[in-house]
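Asks: I'm passing along model05.txt; it holds compact mmCIF, C-alpha atoms and all ligand atoms.
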```
# COMPACT_ATOMS: atom_id res chain seq x y z
CA SER U 13 -29.55 -20.82 -22.19
CA GLN U 14 -26.07 -19.36 -21.78
CA LYS U 15 -25.66 -18.79 -25.46
CA GLY U 16 -27.72 -15.67 -25.90
CA LYS U 17 -26.46 -13.96 -22.76
CA TYR U 18 -23.06 -12.68 -23.73
CA PRO U 19 -24.03 -10.43 -26.59
CA GLU U 20 -26.68 -8.83 -24.42
CA ARG U 21 -24.28 -8.15 -21.59
CA PHE U 22 -21.77 -6.82 -24.00
CA ALA U 23 -24.38 -4.45 -25.35
CA PHE U 24 -25.24 -3.37 -21.82
CA TYR U 25 -21.63 -2.50 -20.99
CA ASN U 26 -21.35 -0.66 -24.25
CA LEU U 27 -24.34 1.50 -23.37
CA GLU U 28 -22.98 2.23 -19.94
CA LEU U 29 -19.59 3.12 -21.37
CA GLU U 30 -21.20 5.36 -23.90
CA HIS U 31 -23.32 7.03 -21.25
CA ASN U 32 -20.25 7.68 -19.07
CA LEU U 33 -18.30 9.02 -22.00
CA ARG U 34 -21.09 11.37 -22.98
CA ARG U 35 -21.40 12.66 -19.43
CA LYS U 36 -17.66 13.28 -19.28
CA MET U 37 -17.75 15.20 -22.54
CA THR U 38 -20.71 17.30 -21.42
CA LEU U 39 -19.12 18.11 -18.07
CA ASN U 40 -15.79 18.87 -19.70
CA GLU U 41 -17.46 21.31 -22.04
CA ALA U 42 -19.35 22.91 -19.14
CA LEU U 43 -16.19 23.18 -17.04
CA LYS U 44 -14.55 25.41 -19.66
CA GLY U 45 -16.60 28.44 -18.67
CA ALA U 46 -17.59 27.49 -15.13
CA LEU U 47 -15.13 29.85 -13.43
CA GLU U 48 -16.25 32.82 -15.52
CA ARG U 49 -19.89 31.98 -14.91
CA ASP U 50 -19.26 31.95 -11.14
CA GLU U 51 -20.47 28.39 -10.74
CA PHE U 52 -17.78 27.40 -8.24
CA ARG U 53 -17.80 28.15 -4.55
CA LEU U 54 -15.99 26.91 -1.46
CA VAL U 55 -17.49 25.33 1.63
CA TYR U 56 -15.54 25.00 4.87
CA GLN U 57 -15.36 22.00 7.18
CA PRO U 58 -14.09 22.48 10.76
CA ILE U 59 -11.14 20.51 12.14
CA VAL U 60 -11.12 20.28 15.94
CA ASP U 61 -8.57 19.46 18.63
CA ALA U 62 -8.92 16.88 21.42
CA THR U 63 -11.09 19.27 23.47
CA GLY U 64 -13.45 19.84 20.54
CA GLN U 65 -12.21 23.40 19.89
CA ILE U 66 -11.95 24.40 16.26
CA VAL U 67 -8.36 24.82 15.04
CA SER U 68 -8.89 25.07 11.30
CA PHE U 69 -11.19 24.82 8.32
CA GLU U 70 -10.68 22.70 5.22
CA ALA U 71 -11.82 24.49 2.06
CA LEU U 72 -13.77 22.16 -0.23
CA MET U 73 -14.87 22.99 -3.75
CA ARG U 74 -18.48 22.90 -4.90
CA TRP U 75 -19.78 23.18 -8.45
CA ARG U 76 -23.38 24.06 -9.22
CA TYR U 77 -24.18 23.20 -12.80
CA GLN U 78 -27.71 23.35 -14.22
CA GLU U 79 -29.40 23.30 -10.80
CA GLN U 80 -27.29 20.34 -9.71
CA GLU U 81 -24.35 19.93 -7.38
CA ILE U 82 -21.66 17.89 -9.10
CA SER U 83 -19.25 16.17 -6.70
CA PRO U 84 -15.58 17.18 -6.71
CA VAL U 85 -14.84 13.46 -6.85
CA GLU U 86 -16.22 13.66 -10.40
CA PHE U 87 -15.11 17.08 -11.62
CA ILE U 88 -11.62 17.41 -10.09
CA PRO U 89 -10.21 14.46 -12.09
CA LEU U 90 -11.71 15.97 -15.26
CA MET U 91 -9.99 19.28 -14.60
CA GLU U 92 -6.75 17.44 -13.85
CA GLN U 93 -6.93 15.72 -17.23
CA SER U 94 -7.61 18.95 -19.09
CA GLY U 95 -5.07 20.95 -17.08
CA ARG U 96 -7.81 23.40 -16.09
CA ILE U 97 -7.09 22.56 -12.43
CA VAL U 98 -4.07 24.90 -12.52
CA GLN U 99 -6.18 28.01 -13.13
CA VAL U 100 -9.13 26.87 -11.04
CA GLY U 101 -6.85 25.69 -8.23
CA SER U 102 -5.31 29.11 -8.09
CA TRP U 103 -8.80 30.61 -7.78
CA VAL U 104 -9.45 28.17 -4.88
CA LEU U 105 -6.25 29.25 -3.16
CA GLU U 106 -7.13 32.93 -3.54
CA GLU U 107 -10.72 32.47 -2.35
CA ALA U 108 -9.67 30.37 0.67
CA CYS U 109 -7.03 32.94 1.63
CA LYS U 110 -9.54 35.75 1.31
CA THR U 111 -11.75 33.92 3.82
CA LEU U 112 -8.77 33.13 6.04
CA ALA U 113 -7.69 36.79 6.09
CA LYS U 114 -11.15 37.88 7.14
CA MET U 115 -11.30 35.26 9.89
CA HIS U 116 -7.84 36.21 11.06
CA LYS U 117 -8.87 39.86 11.40
CA THR U 118 -11.85 39.06 13.60
CA ASN U 119 -9.94 36.82 15.99
CA ALA U 120 -7.58 34.03 16.94
CA GLU U 121 -5.30 31.53 15.30
CA ILE U 122 -7.51 29.75 12.85
CA CYS U 123 -5.83 27.83 10.01
CA MET U 124 -7.05 27.17 6.47
CA CYS U 125 -6.39 23.85 4.72
CA VAL U 126 -6.43 23.92 0.93
CA ASN U 127 -6.34 20.83 -1.29
CA ILE U 128 -3.64 20.99 -3.93
CA SER U 129 -3.70 18.69 -6.92
CA LEU U 130 -0.43 17.16 -8.16
CA ILE U 131 -0.78 18.92 -11.51
CA GLN U 132 -1.09 22.24 -9.73
CA PHE U 133 1.92 21.54 -7.53
CA TYR U 134 4.03 20.58 -10.57
CA ASP U 135 3.19 23.85 -12.32
CA LYS U 136 6.15 26.21 -12.63
CA GLY U 137 4.29 29.16 -11.15
CA PHE U 138 3.04 27.37 -8.05
CA VAL U 139 5.47 28.61 -5.39
CA ASN U 140 5.25 32.20 -6.61
CA ASN U 141 1.50 31.95 -6.76
CA VAL U 142 1.28 30.89 -3.11
CA ASN U 143 3.72 33.60 -2.06
CA ARG U 144 1.79 36.29 -3.89
CA VAL U 145 -1.52 35.28 -2.34
CA ILE U 146 -0.05 35.19 1.18
CA GLU U 147 1.36 38.67 0.66
CA ARG U 148 -1.74 40.12 -0.95
CA TYR U 149 -3.93 39.09 1.96
CA ALA U 150 -1.26 39.65 4.62
CA ILE U 151 -1.64 36.13 5.98
CA PRO U 152 0.87 34.68 8.45
CA GLY U 153 2.26 31.74 6.42
CA HIS U 154 1.81 29.19 9.20
CA LEU U 155 -1.97 29.61 9.00
CA LEU U 156 -2.03 28.18 5.49
CA HIS U 157 -1.93 24.38 5.25
CA LEU U 158 -1.59 22.71 1.89
CA GLU U 159 -3.06 19.22 1.53
CA VAL U 160 -1.27 16.99 -0.95
CA THR U 161 -1.40 13.22 -1.47
CA GLU U 162 1.29 10.61 -0.89
CA SER U 163 1.79 10.16 -4.61
CA LEU U 164 3.38 13.61 -4.76
CA PHE U 165 6.46 12.18 -3.04
CA GLN U 166 6.67 9.16 -5.34
CA SER U 167 8.84 10.66 -8.09
CA GLU U 168 11.09 13.63 -8.77
CA GLN U 169 11.89 13.77 -5.08
CA MET U 170 14.51 16.51 -5.44
CA MET U 171 12.15 18.92 -7.20
CA ILE U 172 9.30 18.14 -4.81
CA ASN U 173 11.37 18.52 -1.65
CA GLU U 174 12.82 21.76 -3.00
CA LYS U 175 9.34 23.24 -3.59
CA VAL U 176 8.03 21.97 -0.27
CA SER U 177 10.93 23.54 1.61
CA GLN U 178 10.66 26.85 -0.29
CA LEU U 179 7.07 27.09 0.89
CA GLN U 180 7.91 25.96 4.40
CA GLN U 181 10.37 28.86 4.60
CA CYS U 182 7.33 31.16 4.41
CA GLY U 183 5.79 29.18 7.24
CA VAL U 184 3.33 27.23 5.09
CA LYS U 185 2.48 23.77 6.50
CA PHE U 186 1.98 20.55 4.57
CA SER U 187 -0.48 17.74 5.21
CA VAL U 188 -0.62 14.39 3.47
CA ASP U 189 -4.28 13.77 2.64
CA ASP U 190 -5.96 10.34 2.48
CA PHE U 191 -2.95 8.87 4.22
CA GLY U 192 -2.66 5.09 3.97
CA THR U 193 -4.56 4.75 0.69
CA GLY U 194 -1.58 5.36 -1.61
CA TYR U 195 1.33 3.12 -2.43
CA SER U 196 4.11 4.85 -0.52
CA SER U 197 6.94 2.66 0.68
CA LEU U 198 8.18 3.33 4.19
CA SER U 199 11.33 4.89 2.77
CA VAL U 200 9.26 7.44 0.85
CA ILE U 201 7.29 8.22 3.98
CA GLN U 202 10.47 8.63 5.97
CA ASN U 203 11.72 11.24 3.47
CA MET U 204 8.54 13.29 3.37
CA ASN U 205 9.25 16.58 5.03
CA ILE U 206 5.70 17.31 6.08
CA ASP U 207 3.80 18.53 9.12
CA TYR U 208 0.57 16.51 9.28
CA ILE U 209 -0.89 13.29 8.02
CA LYS U 210 -4.62 12.95 7.59
CA ILE U 211 -5.62 9.35 8.28
CA ASP U 212 -8.10 8.43 5.57
CA ARG U 213 -11.73 7.91 6.46
CA SER U 214 -11.56 4.26 5.36
CA PHE U 215 -9.38 3.49 8.42
CA ILE U 216 -11.66 5.38 10.80
CA GLN U 217 -14.92 3.91 9.47
CA HIS U 218 -14.44 0.45 10.97
CA ILE U 219 -12.52 1.05 14.18
CA GLU U 220 -15.51 -0.04 16.26
CA GLN U 221 -15.47 -3.49 14.62
CA LYS U 222 -11.85 -3.89 13.63
CA GLY U 223 -10.12 -2.12 16.48
CA LEU U 224 -7.45 0.51 16.52
CA SER U 225 -4.26 -1.33 15.58
CA ILE U 226 -3.73 0.37 12.20
CA VAL U 227 -4.60 3.80 13.56
CA GLN U 228 -2.31 3.21 16.54
CA ALA U 229 0.50 2.13 14.21
CA MET U 230 0.09 5.30 12.11
CA MET U 231 0.05 7.32 15.32
CA ASN U 232 3.28 5.71 16.57
CA MET U 233 4.96 6.22 13.22
CA SER U 234 3.90 9.86 13.16
CA ASN U 235 5.25 10.46 16.63
CA SER U 236 8.67 9.14 15.71
CA LEU U 237 8.76 11.00 12.39
CA ASN U 238 7.46 14.22 13.96
CA PHE U 239 4.24 14.46 12.00
CA SER U 240 1.06 15.47 13.72
CA VAL U 241 -2.12 13.53 13.01
CA ILE U 242 -5.64 14.40 11.87
CA ALA U 243 -8.33 11.69 11.72
CA GLU U 244 -10.72 12.18 8.76
CA GLY U 245 -14.35 11.18 8.55
CA VAL U 246 -15.23 10.86 12.24
CA GLU U 247 -18.97 10.23 12.30
CA THR U 248 -19.86 8.90 15.75
CA GLU U 249 -19.22 9.66 19.42
CA LYS U 250 -17.89 6.12 19.85
CA GLN U 251 -15.29 6.73 17.12
CA ARG U 252 -14.32 10.01 18.73
CA GLN U 253 -13.82 8.30 22.10
CA LEU U 254 -11.68 5.54 20.61
CA LEU U 255 -9.53 8.04 18.73
CA GLU U 256 -9.14 10.17 21.83
CA LYS U 257 -7.95 7.10 23.75
CA CYS U 258 -5.42 6.56 20.98
CA GLY U 259 -4.09 10.08 21.51
CA ILE U 260 -5.15 11.46 18.12
CA PRO U 261 -4.73 15.23 18.50
CA TYR U 262 -7.01 16.46 15.68
CA MET U 263 -10.24 15.23 14.15
CA GLN U 264 -12.58 16.13 11.31
CA GLY U 265 -15.90 14.65 10.27
CA TYR U 266 -19.67 14.88 10.16
CA TYR U 267 -19.81 14.14 13.90
CA PHE U 268 -18.35 17.61 14.55
CA SER U 269 -19.69 19.41 11.51
CA ARG U 270 -20.52 18.98 7.86
CA PRO U 271 -18.79 21.34 5.44
CA LEU U 272 -20.37 24.81 5.93
CA GLU U 273 -21.29 27.56 3.51
CA ARG U 274 -19.01 30.58 3.96
CA ALA U 275 -21.45 32.64 6.06
CA ASN U 276 -22.17 29.65 8.28
CA ALA U 277 -18.45 29.05 8.78
CA PHE U 278 -18.13 32.61 10.12
CA ALA U 279 -21.12 32.02 12.41
CA TYR U 280 -19.65 28.71 13.64
CA LEU U 281 -16.40 30.48 14.40
CA SER U 282 -17.91 33.34 16.34
CA THR U 283 -20.00 30.93 18.45
CA ALA U 284 -16.89 28.85 19.13
CA ILE U 285 -14.95 31.93 20.18
CA ALA U 286 -17.76 33.20 22.40
CA GLU U 287 -17.91 29.82 24.15
CA GLU U 288 -14.17 29.71 24.60
CA SER U 289 -13.93 33.16 26.15
CA SER U 290 -16.90 32.61 28.43
CA SER U 291 -15.41 29.34 29.72
CA GLU U 292 -12.12 31.14 30.47
CA PHE U 293 -13.88 33.14 33.17
CA ALA U 294 -16.10 30.32 34.41
P1 LIG U 301 -10.65 15.19 0.84
O1 LIG U 301 -9.70 16.31 0.69
O2 LIG U 301 -10.14 13.95 1.48
O3 LIG U 301 -11.87 15.80 1.64
C1 LIG U 301 -12.66 15.09 2.54
C2 LIG U 301 -13.97 14.65 1.91
O4 LIG U 301 -14.69 13.86 2.85
C3 LIG U 301 -14.90 15.80 1.57
O5 LIG U 301 -15.67 15.38 0.46
C4 LIG U 301 -15.78 15.90 2.81
O6 LIG U 301 -17.01 16.53 2.57
C5 LIG U 301 -15.95 14.45 3.14
N1 LIG U 301 -16.20 14.20 4.56
C6 LIG U 301 -15.81 14.92 5.62
N2 LIG U 301 -16.22 14.37 6.77
C7 LIG U 301 -16.89 13.25 6.45
C8 LIG U 301 -17.57 12.24 7.22
O7 LIG U 301 -17.63 12.26 8.45
N3 LIG U 301 -18.15 11.22 6.50
C9 LIG U 301 -18.10 11.16 5.15
N4 LIG U 301 -18.72 10.15 4.55
N5 LIG U 301 -17.48 12.09 4.39
C10 LIG U 301 -16.87 13.13 5.05
P2 LIG U 301 -15.88 16.33 -0.82
O8 LIG U 301 -16.11 17.73 -0.37
O9 LIG U 301 -16.90 15.66 -1.67
O10 LIG U 301 -14.48 16.29 -1.55
C11 LIG U 301 -14.00 15.11 -2.09
C12 LIG U 301 -12.57 15.23 -2.56
O11 LIG U 301 -12.47 16.15 -3.65
C13 LIG U 301 -11.64 15.80 -1.49
O12 LIG U 301 -11.27 14.78 -0.59
C14 LIG U 301 -10.49 16.28 -2.36
O13 LIG U 301 -9.65 15.21 -2.71
C15 LIG U 301 -11.22 16.76 -3.60
N6 LIG U 301 -11.37 18.23 -3.54
C16 LIG U 301 -12.35 18.97 -2.97
N7 LIG U 301 -12.12 20.30 -3.11
C17 LIG U 301 -10.94 20.40 -3.78
C18 LIG U 301 -10.14 21.51 -4.23
O14 LIG U 301 -10.44 22.68 -4.02
N8 LIG U 301 -8.99 21.20 -4.91
C19 LIG U 301 -8.60 19.90 -5.14
N9 LIG U 301 -7.45 19.68 -5.83
N10 LIG U 301 -9.31 18.85 -4.72
C20 LIG U 301 -10.46 19.09 -4.04
MG MG U 302 -8.38 17.24 1.84
MG MG U 303 -8.88 14.14 3.09
MG MG U 304 -10.20 11.35 2.20
```
Written as structure tokens, that's how I'd like the structure from this file.
Ligand code: C2E
Ligand code: MG
Ligand code: MG
Ligand code: MG

Replies:
Amino acid sequence: SQKGKYPERFAFYNLELEHNLRRKMTLNEALKGALERDEFRLVYQPIVDATGQIVSFEALMRWRYQEQEISPVEFIPLMEQSGRIVQVGSWVLEEACKTLAKMHKTNAEICMCVNISLIQFYDKGFVNNVNRVIERYAIPGHLLHLEVTESLFQSEQMMINEKVSQLQQCGVKFSVDDFGTGYSSLSVIQNMNIDYIKIDRSFIQHIEQKGLSIVQAMMNMSNSLNFSVIAEGVETEKQRQLLEKCGIPYMQGYYFSRPLERANAFAYLSTAIAEESSSEFA
């Protein structure tokens, strides 16, 4: 009968809630010393142009805790809540720039994309922090791309635009990550002074079934607002072809490469460069 069911279900949800809460508390505790214990590392996912040539890497955080890889989707929000993301984010920036500097020394114009959380961007020291890192590693500013989300532009527009333009004066580029998944009104989008939008994977996933109209609309909008476009989460050759037809200039996704461990990113790069220079003389 129906009668007995509700208390049981209620108990079930309670257990699940309790389990989730416990896990959060455990991870939070573990995150306190994770930086000092060297548990974080960065992996690097290639971004390619229309010809398939690599133009940049996106640095993505990994956390190995008790023999397990915990997803950034789980631990980044925890560090945002505790404020720890400010310190850890600055480690990410430094580490990514260290890699970028080394890549830059060995060769061409490769860019590095670094995800920046809102909390980190709001921090008073952020602009100085970026400037210091660029100087320390002697990186041309335009090779550093900061990925922020639409919600950054939602409030305190004066302060945000001021910080964005201070960094752009050093050449630093801005991308809006997960574009299309936020709640930005068109007027907010019009006032974003940014360089790239990254069309979220959720719009790319179904283009074979649903067609390209949304992607095309984002592409048209970007052209008139002078943003360039990166398609995220490209997984199949068919998707790549459709996006190419649409004129999307940059793509990223498992189809081209999964995120790579640092050493493998260097290997990927040197192969790419060898291929490029051999085709020049072909
Ligand atoms: P994101 O910045 O949108 O990064 C793209 C995510 O999609 C990455 O997941 C990447 O591994 C995954 N991905 C790339 N290509 C494909 C594909 O073809 N198919 C599928 N299914 N997935 C693909 P990851 O590494 O788990 O990172 C998740 C999110 O965590 C990132 O989303 C970003 O928001 C956040 N994150 C990662 N590293 C950092 C960091 O250093 N700082 C901050 N603030 N956030 C970070
Ligand atoms: Mg990103
Ligand atoms: Mg993204
Ligand atoms: Mg995304």

Asks: Would you compute the distance between CA of Ala113 (chain U) and atom MG of ligand MG 303 (chain U)? Give it in Å to one decimal.

Replies: 22.9 Å

Asks: Around ligand MG 304 (chain U), which protein and nucleic acid residues have at least one atom no more than 7 Å from it, if we count only C-alpha atoms and all ligand atoms? List them as number ranges by chain.

Replies: U: 189-190, 212-213, 244

Asks: Taking into account all atoms listed in the file, which residue in the set U:Ser68, U:Gln202, U:Asn143, U:Asn173 is nearest to Ser236 (chain U)?

Replies: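 With all atoms listed in the file as the atom set, the closest residue is U:Gln202.
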
Asks: Give me, as an MDAnalysis selection string, the set of residues whose atoms come within 8 Å of any atom of ligand MG 302 (chain U), counting all atoms listed in the file.

Replies: chainID U and resid 70 72 125:127 159:160 189:190

Asks: Got a sec: who's within 9 Å of Leu43 (chain U), counting all atoms listed in the file, leaving out chain neighbours fewer than 3 positions off, as a list in words?

Replies: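 The neighbour list is Thr38, Leu39, Asn40, Ala46, Leu47, Phe87, Leu90, Met91 and Arg96 of chain U.
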
Asks: Need to verify the contact set: Leu164 (chain U), 12 Å, all atoms listed in the file, exclusion of same-chain residues closer than 3 positions in sequence. Can you return it as a PyMOL selection string?

Replies: chain U and resi 128-134+159-161+167-173+175-176+186-189+191+194-196+200-201+203-206

Asks: How about saving the chosen residues, C-alpha atoms kept, as a short mmCIF file (atom, residue, chain, number, x, y, z; two decimals), keeping the file's coordinate frame?

Replies:
```cif
data_model
loop_
_atom_site.label_atom_id
_atom_site.label_comp_id
_atom_site.auth_asym_id
_atom_site.auth_seq_id
_atom_site.Cartn_x
_atom_site.Cartn_y
_atom_site.Cartn_z
CA ILE U 128 -3.64 20.99 -3.93
CA SER U 129 -3.70 18.69 -6.92
CA LEU U 130 -0.43 17.16 -8.16
CA ILE U 131 -0.78 18.92 -11.51
CA GLN U 132 -1.09 22.24 -9.73
CA PHE U 133 1.92 21.54 -7.53
CA TYR U 134 4.03 20.58 -10.57
CA GLU U 159 -3.06 19.22 1.53
CA VAL U 160 -1.27 16.99 -0.95
CA THR U 161 -1.40 13.22 -1.47
CA SER U 167 8.84 10.66 -8.09
CA GLU U 168 11.09 13.63 -8.77
CA GLN U 169 11.89 13.77 -5.08
CA MET U 170 14.51 16.51 -5.44
CA MET U 171 12.15 18.92 -7.20
CA ILE U 172 9.30 18.14 -4.81
CA ASN U 173 11.37 18.52 -1.65
CA LYS U 175 9.34 23.24 -3.59
CA VAL U 176 8.03 21.97 -0.27
CA PHE U 186 1.98 20.55 4.57
CA SER U 187 -0.48 17.74 5.21
CA VAL U 188 -0.62 14.39 3.47
CA ASP U 189 -4.28 13.77 2.64
CA PHE U 191 -2.95 8.87 4.22
CA GLY U 194 -1.58 5.36 -1.61
CA TYR U 195 1.33 3.12 -2.43
CA SER U 196 4.11 4.85 -0.52
CA VAL U 200 9.26 7.44 0.85
CA ILE U 201 7.29 8.22 3.98
CA ASN U 203 11.72 11.24 3.47
CA MET U 204 8.54 13.29 3.37
CA ASN U 205 9.25 16.58 5.03
CA ILE U 206 5.70 17.31 6.08
#
```

Asks: Could you tell me which of U:Phe268, U:Trp75, U:Phe215, U:Phe138 comes closest to Thr193 (chain U) if we count all atoms listed in the file?

Replies: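 Between U:Phe268, U:Trp75, U:Phe215, U:Phe138, the residue approaching Thr193 (chain U) most closely is U:Phe215.
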
Asks: With distances taken over only C-alpha atoms and all ligand atoms, which of U:Glu162, U:Glu121, U:Glu86, U:Asp135 is nearest to ligand MG 303 (chain U)?

Replies: U:Glu162

Asks: Measuring atom to atom with only C-alpha atoms and all ligand atoms, identify which of U:Met231, U:Leu198, U:Ile219, U:Ala71 is nearest to ligand MG 303 (chain U).

Replies: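 Smallest distance to ligand MG 303 (chain U) is found for U:Ala71.
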